[in-house]
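Reproduced below: my_file22.txt, with compact mmCIF, C-alpha atoms.
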```txt
# COMPACT_ATOMS: atom_id res chain seq x y z
CA MET A 8 80.40 85.98 100.12
CA GLY A 9 81.49 85.11 96.56
CA LYS A 10 81.84 87.63 93.73
CA MET A 11 78.58 86.49 92.07
CA ASP A 12 76.73 86.72 95.37
CA GLU A 13 78.01 90.27 95.82
CA VAL A 14 76.86 91.24 92.29
CA LEU A 15 73.42 89.78 92.94
CA LYS A 16 73.19 91.62 96.25
CA GLN A 17 74.10 94.89 94.48
CA VAL A 18 71.50 94.28 91.78
CA LEU A 19 68.79 93.59 94.32
CA GLU A 20 69.66 96.64 96.41
CA TRP A 21 69.80 98.86 93.32
CA ARG A 22 66.41 97.57 92.08
CA GLN A 23 64.81 98.07 95.50
CA GLN A 24 66.11 101.61 96.00
CA THR A 25 65.62 103.06 92.52
CA ASP A 26 62.75 105.49 92.31
CA GLY A 27 60.90 105.34 89.03
CA PHE A 28 57.96 103.65 87.38
CA ASN A 29 58.39 100.23 89.00
CA HIS A 30 58.60 101.87 92.41
CA TYR A 31 55.57 104.05 91.58
CA VAL A 32 53.37 101.04 90.76
CA GLY A 33 54.61 99.08 93.78
CA ILE A 34 56.76 96.41 92.14
CA ARG A 35 59.23 94.87 94.56
CA VAL A 36 62.15 92.57 93.80
CA VAL A 37 61.90 89.66 96.23
CA GLY A 38 64.42 87.27 94.73
CA ILE A 39 67.27 87.19 92.28
CA GLY A 40 69.53 84.40 91.13
CA ASP A 41 71.87 83.58 88.29
CA GLY A 42 69.62 84.44 85.31
CA THR A 43 66.43 84.37 87.38
CA SER A 44 64.29 86.75 89.40
CA GLU A 45 61.08 87.04 91.33
CA VAL A 46 59.12 90.28 91.62
CA GLU A 47 55.75 91.02 93.19
CA ALA A 48 53.09 93.70 93.47
CA ASP A 49 49.94 94.00 95.55
CA LEU A 50 46.87 94.72 93.43
CA THR A 51 45.41 97.97 94.68
CA PRO A 52 42.23 99.55 93.26
CA GLN A 53 44.41 101.84 91.09
CA MET A 54 45.86 98.80 89.29
CA LEU A 55 42.51 97.34 88.23
CA ASN A 56 40.63 97.73 84.99
CA PRO A 57 36.94 98.81 84.97
CA LEU A 58 35.90 95.14 85.39
CA GLY A 59 37.76 94.83 88.70
CA MET A 60 40.59 92.70 87.29
CA ALA A 61 44.31 93.42 87.17
CA HIS A 62 44.96 95.82 84.30
CA GLY A 63 46.85 94.14 81.47
CA GLY A 64 49.40 96.94 81.51
CA MET A 65 50.17 96.24 85.16
CA ILE A 66 50.71 92.54 84.45
CA TYR A 67 52.94 93.39 81.47
CA THR A 68 54.94 95.84 83.60
CA LEU A 69 55.45 93.15 86.25
CA CYS A 70 56.78 90.79 83.55
CA ASP A 71 59.08 93.48 82.15
CA ALA A 72 60.51 94.17 85.62
CA ALA A 73 61.08 90.45 86.22
CA ALA A 74 62.91 89.99 82.90
CA GLY A 75 65.01 93.13 83.42
CA THR A 76 65.99 92.06 86.91
CA ALA A 77 66.92 88.56 85.74
CA ALA A 78 69.05 90.08 82.97
CA ALA A 79 70.71 92.41 85.51
CA SER A 80 71.61 89.38 87.64
CA ARG A 81 74.54 88.95 85.24
CA GLY A 82 75.93 92.27 86.46
CA ARG A 83 75.00 93.98 83.18
CA ILE A 84 72.21 96.44 82.41
CA ALA A 85 69.63 95.50 79.81
CA VAL A 86 66.63 97.19 78.20
CA THR A 87 63.63 95.54 76.60
CA LEU A 88 63.77 94.84 72.86
CA THR A 89 60.50 92.91 72.61
CA GLY A 90 57.90 91.43 74.88
CA SER A 91 55.01 89.11 74.12
CA ILE A 92 52.39 88.14 76.66
CA ASN A 93 49.48 85.74 76.93
CA TYR A 94 46.88 86.60 79.55
CA LEU A 95 45.54 83.30 80.89
CA ARG A 96 43.20 84.23 83.75
CA PRO A 97 42.12 87.42 85.50
CA GLY A 98 43.96 88.66 88.55
CA TYR A 99 41.60 90.16 91.09
CA GLY A 100 42.01 93.08 93.47
CA GLY A 101 43.28 92.22 96.91
CA SER A 102 45.66 89.61 95.61
CA ARG A 103 49.42 89.78 95.18
CA LEU A 104 50.83 89.08 91.75
CA ARG A 105 54.23 87.42 91.47
CA GLY A 106 56.37 87.31 88.35
CA HIS A 107 59.01 84.61 88.01
CA ALA A 108 61.62 85.08 85.25
CA ILE A 109 63.78 82.25 83.95
CA GLU A 110 66.57 82.72 81.46
CA ILE A 111 66.16 80.86 78.19
CA LYS A 112 69.23 82.26 76.41
CA SER A 113 71.97 84.71 77.32
CA GLY A 114 74.41 86.02 74.73
CA ASN A 115 76.82 88.90 74.28
CA GLN A 116 74.16 91.42 73.29
CA THR A 117 70.76 89.85 73.96
CA ALA A 118 69.04 87.55 76.40
CA VAL A 119 65.62 85.86 76.35
CA TYR A 120 63.43 85.25 79.41
CA ASP A 121 60.29 83.27 80.08
CA VAL A 122 58.14 84.98 82.71
CA LEU A 123 55.27 83.32 84.58
CA VAL A 124 52.82 85.34 86.67
CA ASP A 125 50.69 83.85 89.43
CA ASP A 126 48.30 85.30 91.99
CA GLY A 127 50.15 84.05 95.07
CA THR A 128 48.56 80.63 94.75
CA ASP A 129 49.33 78.14 92.03
CA ARG A 130 46.90 79.93 89.71
CA GLN A 131 48.77 81.15 86.66
CA ILE A 132 47.62 84.58 85.44
CA ALA A 133 49.95 85.18 82.47
CA ARG A 134 52.96 83.91 80.58
CA ALA A 135 55.35 86.17 78.69
CA THR A 136 58.56 86.06 76.70
CA PHE A 137 60.95 89.01 76.76
CA THR A 138 64.05 89.69 74.70
CA MET A 139 66.47 92.03 76.43
CA PHE A 140 69.35 94.03 74.94
CA TYR A 141 72.53 94.50 76.96
CA THR A 142 73.49 98.19 76.85
CA GLY A 143 77.17 97.76 77.62
CA LYS A 144 76.67 99.33 81.06
CA THR A 145 77.29 97.42 84.28
CA ILE A 146 75.75 97.62 87.72
CA GLU A 147 78.83 99.54 88.84
CA ASP A 148 78.24 102.13 86.07
CA MET A 149 74.65 102.60 87.25
CA LYS A 150 75.72 103.07 90.86
CA CYS A 151 77.85 106.02 89.72
CA LEU A 152 74.81 107.60 88.04
CA ALA A 153 72.76 107.23 91.23
CA ASP A 154 75.34 109.01 93.41
```

Let me see the file written as structure tokens.
Amino acid sequence: MGKMDEVLKQVLEWRQQTDGFNHYVGIRVVGIGDGTSEVEADLTPQMLNPLGMAHGGMIYTLCDAAAGTAAASRGRIAVTLTGSINYLRPGYGGSRLRGHAIEIKSGNQTAVYDVLVDDGTDRQIARATFTMFYTGKTIEDMKCLAD
């Protein structure tokens, strides 16, 4: 296994095992690559708005997790600076939402990601752009905090 593969494996394991908000709302990391990621969440009744559609905050959170995971694929920890989202169609209960993040730009301090959300079919639910700020911490630093 190459060094990059090992970093990606560590990122994925860390993201899967970390308790916190993403874990609480059921977001799972299902794929990670060099500047990319895929996350998913099953829409439960608690994640729906009063109209029976995926709550916008849930969709935004899924996008944020996808962008953060893609940024972490570089072995560095990032936090969100800005996020902008367009809701395209409703996501309905009983479906699984998937967020796919693709790196647009990666620099020394910031990175930009395009995130597409679908409902498990080819039906696009939302599209977002996130700018992430690299904190100066690495995956290795975060593992020390978790111990």

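Residues with any atom within 6 Å of the point (51.4, 89.8, 95.9), counting all atoms listed in the file, are Glu47, Ala48, Asp49, Ser102, Arg103, Leu104, Arg105 and Gly127 of chain A.
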
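Rounded to one decimal, CA of Asn93 (chain A) and CA of Arg134 (chain A) lie 5.4 Å from each other.
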
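You can rank A:Ala133, A:Asp125, A:Ser113, A:Arg35 by their closest distance to Ile92 (chain A) using all atoms listed in the file, and at the top of that list sits A:Ala133.
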
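As for CA of Asp71 (chain A) and CA of Thr25 (chain A), they are spaced 15.6 Å apart.
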
Counting only C-alpha atoms, what is within 8 Å of region 55-65 of chain A, bar same-chain residues fewer than 3 positions away, as a ChimeraX atom specification? /A:50-52,68-69,94,97-100

Could you check which residues have any atom within 12 Å of (71.0, 92.7, 85.1), counting all atoms listed in the file with coordinates taken straight from the file, and then list them as an mmCIF file with C-alpha atoms, in the frame of the given file?
```
data_model
loop_
_atom_site.group_PDB
_atom_site.id
_atom_site.type_symbol
_atom_site.label_atom_id
_atom_site.label_comp_id
_atom_site.auth_asym_id
_atom_site.auth_seq_id
_atom_site.Cartn_x
_atom_site.Cartn_y
_atom_site.Cartn_z
ATOM 1 C CA VAL A 14 76.860 91.240 92.290
ATOM 2 C CA LEU A 15 73.420 89.780 92.940
ATOM 3 C CA LYS A 16 73.190 91.620 96.250
ATOM 4 C CA GLN A 17 74.100 94.890 94.480
ATOM 5 C CA VAL A 18 71.500 94.280 91.780
ATOM 6 C CA LEU A 19 68.790 93.590 94.320
ATOM 7 C CA TRP A 21 69.800 98.860 93.320
ATOM 8 C CA ARG A 22 66.410 97.570 92.080
ATOM 9 C CA ILE A 39 67.270 87.190 92.280
ATOM 10 C CA GLY A 40 69.530 84.400 91.130
ATOM 11 C CA ASP A 41 71.870 83.580 88.290
ATOM 12 C CA GLY A 42 69.620 84.440 85.310
ATOM 13 C CA THR A 43 66.430 84.370 87.380
ATOM 14 C CA SER A 44 64.290 86.750 89.400
ATOM 15 C CA ALA A 72 60.510 94.170 85.620
ATOM 16 C CA ALA A 73 61.080 90.450 86.220
ATOM 17 C CA ALA A 74 62.910 89.990 82.900
ATOM 18 C CA GLY A 75 65.010 93.130 83.420
ATOM 19 C CA THR A 76 65.990 92.060 86.910
ATOM 20 C CA ALA A 77 66.920 88.560 85.740
ATOM 21 C CA ALA A 78 69.050 90.080 82.970
ATOM 22 C CA ALA A 79 70.710 92.410 85.510
ATOM 23 C CA SER A 80 71.610 89.380 87.640
ATOM 24 C CA ARG A 81 74.540 88.950 85.240
ATOM 25 C CA GLY A 82 75.930 92.270 86.460
ATOM 26 C CA ARG A 83 75.000 93.980 83.180
ATOM 27 C CA ILE A 84 72.210 96.440 82.410
ATOM 28 C CA ALA A 85 69.630 95.500 79.810
ATOM 29 C CA VAL A 86 66.630 97.190 78.200
ATOM 30 C CA THR A 87 63.630 95.540 76.600
ATOM 31 C CA GLU A 110 66.570 82.720 81.460
ATOM 32 C CA SER A 113 71.970 84.710 77.320
ATOM 33 C CA THR A 117 70.760 89.850 73.960
ATOM 34 C CA ALA A 118 69.040 87.550 76.400
ATOM 35 C CA MET A 139 66.470 92.030 76.430
ATOM 36 C CA PHE A 140 69.350 94.030 74.940
ATOM 37 C CA TYR A 141 72.530 94.500 76.960
ATOM 38 C CA THR A 142 73.490 98.190 76.850
ATOM 39 C CA GLY A 143 77.170 97.760 77.620
ATOM 40 C CA LYS A 144 76.670 99.330 81.060
ATOM 41 C CA THR A 145 77.290 97.420 84.280
ATOM 42 C CA ILE A 146 75.750 97.620 87.720
ATOM 43 C CA GLU A 147 78.830 99.540 88.840
ATOM 44 C CA ASP A 148 78.240 102.130 86.070
ATOM 45 C CA MET A 149 74.650 102.600 87.250
#
```

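Separating CA of Thr136 (chain A) from CA of Val119 (chain A) is a distance of 7.1 Å.
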
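Remark: for Gln53 (chain A), the closest of the candidate residues A:Val124, A:Glu13, A:Leu95, A:Gly101 is A:Gly101 (distances computed over only C-alpha atoms).
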
So that I can check the surroundings of Gly106 (chain A), please list as a count of residues only every protein, DNA and RNA residue that reaches within 6 Å of it, counting all atoms listed in the file and ignoring chain neighbours fewer than 2 positions away. 5

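For the set A:Thr89, A:Met54, A:Lys112, A:Phe137, the residue with the smallest atom-to-atom gap to Ile34 (chain A) is A:Met54, counting all atoms listed in the file.
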
Residues within 9 Å of Arg96 (chain A), please, as a short mmCIF file (atom, residue, chain, number, x, y, z; two decimals) with C-alpha atoms, in the coordinates of the input. Count only C-alpha atoms; anything in the same chain fewer than 5 positions from it doesn't count.
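Done, and the output landed in result.cif:
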```cif
data_model
loop_
_atom_site.label_atom_id
_atom_site.label_comp_id
_atom_site.auth_asym_id
_atom_site.auth_seq_id
_atom_site.Cartn_x
_atom_site.Cartn_y
_atom_site.Cartn_z
CA ARG A 130 46.90 79.93 89.71
CA GLN A 131 48.77 81.15 86.66
CA ILE A 132 47.62 84.58 85.44
CA ALA A 133 49.95 85.18 82.47
#
```
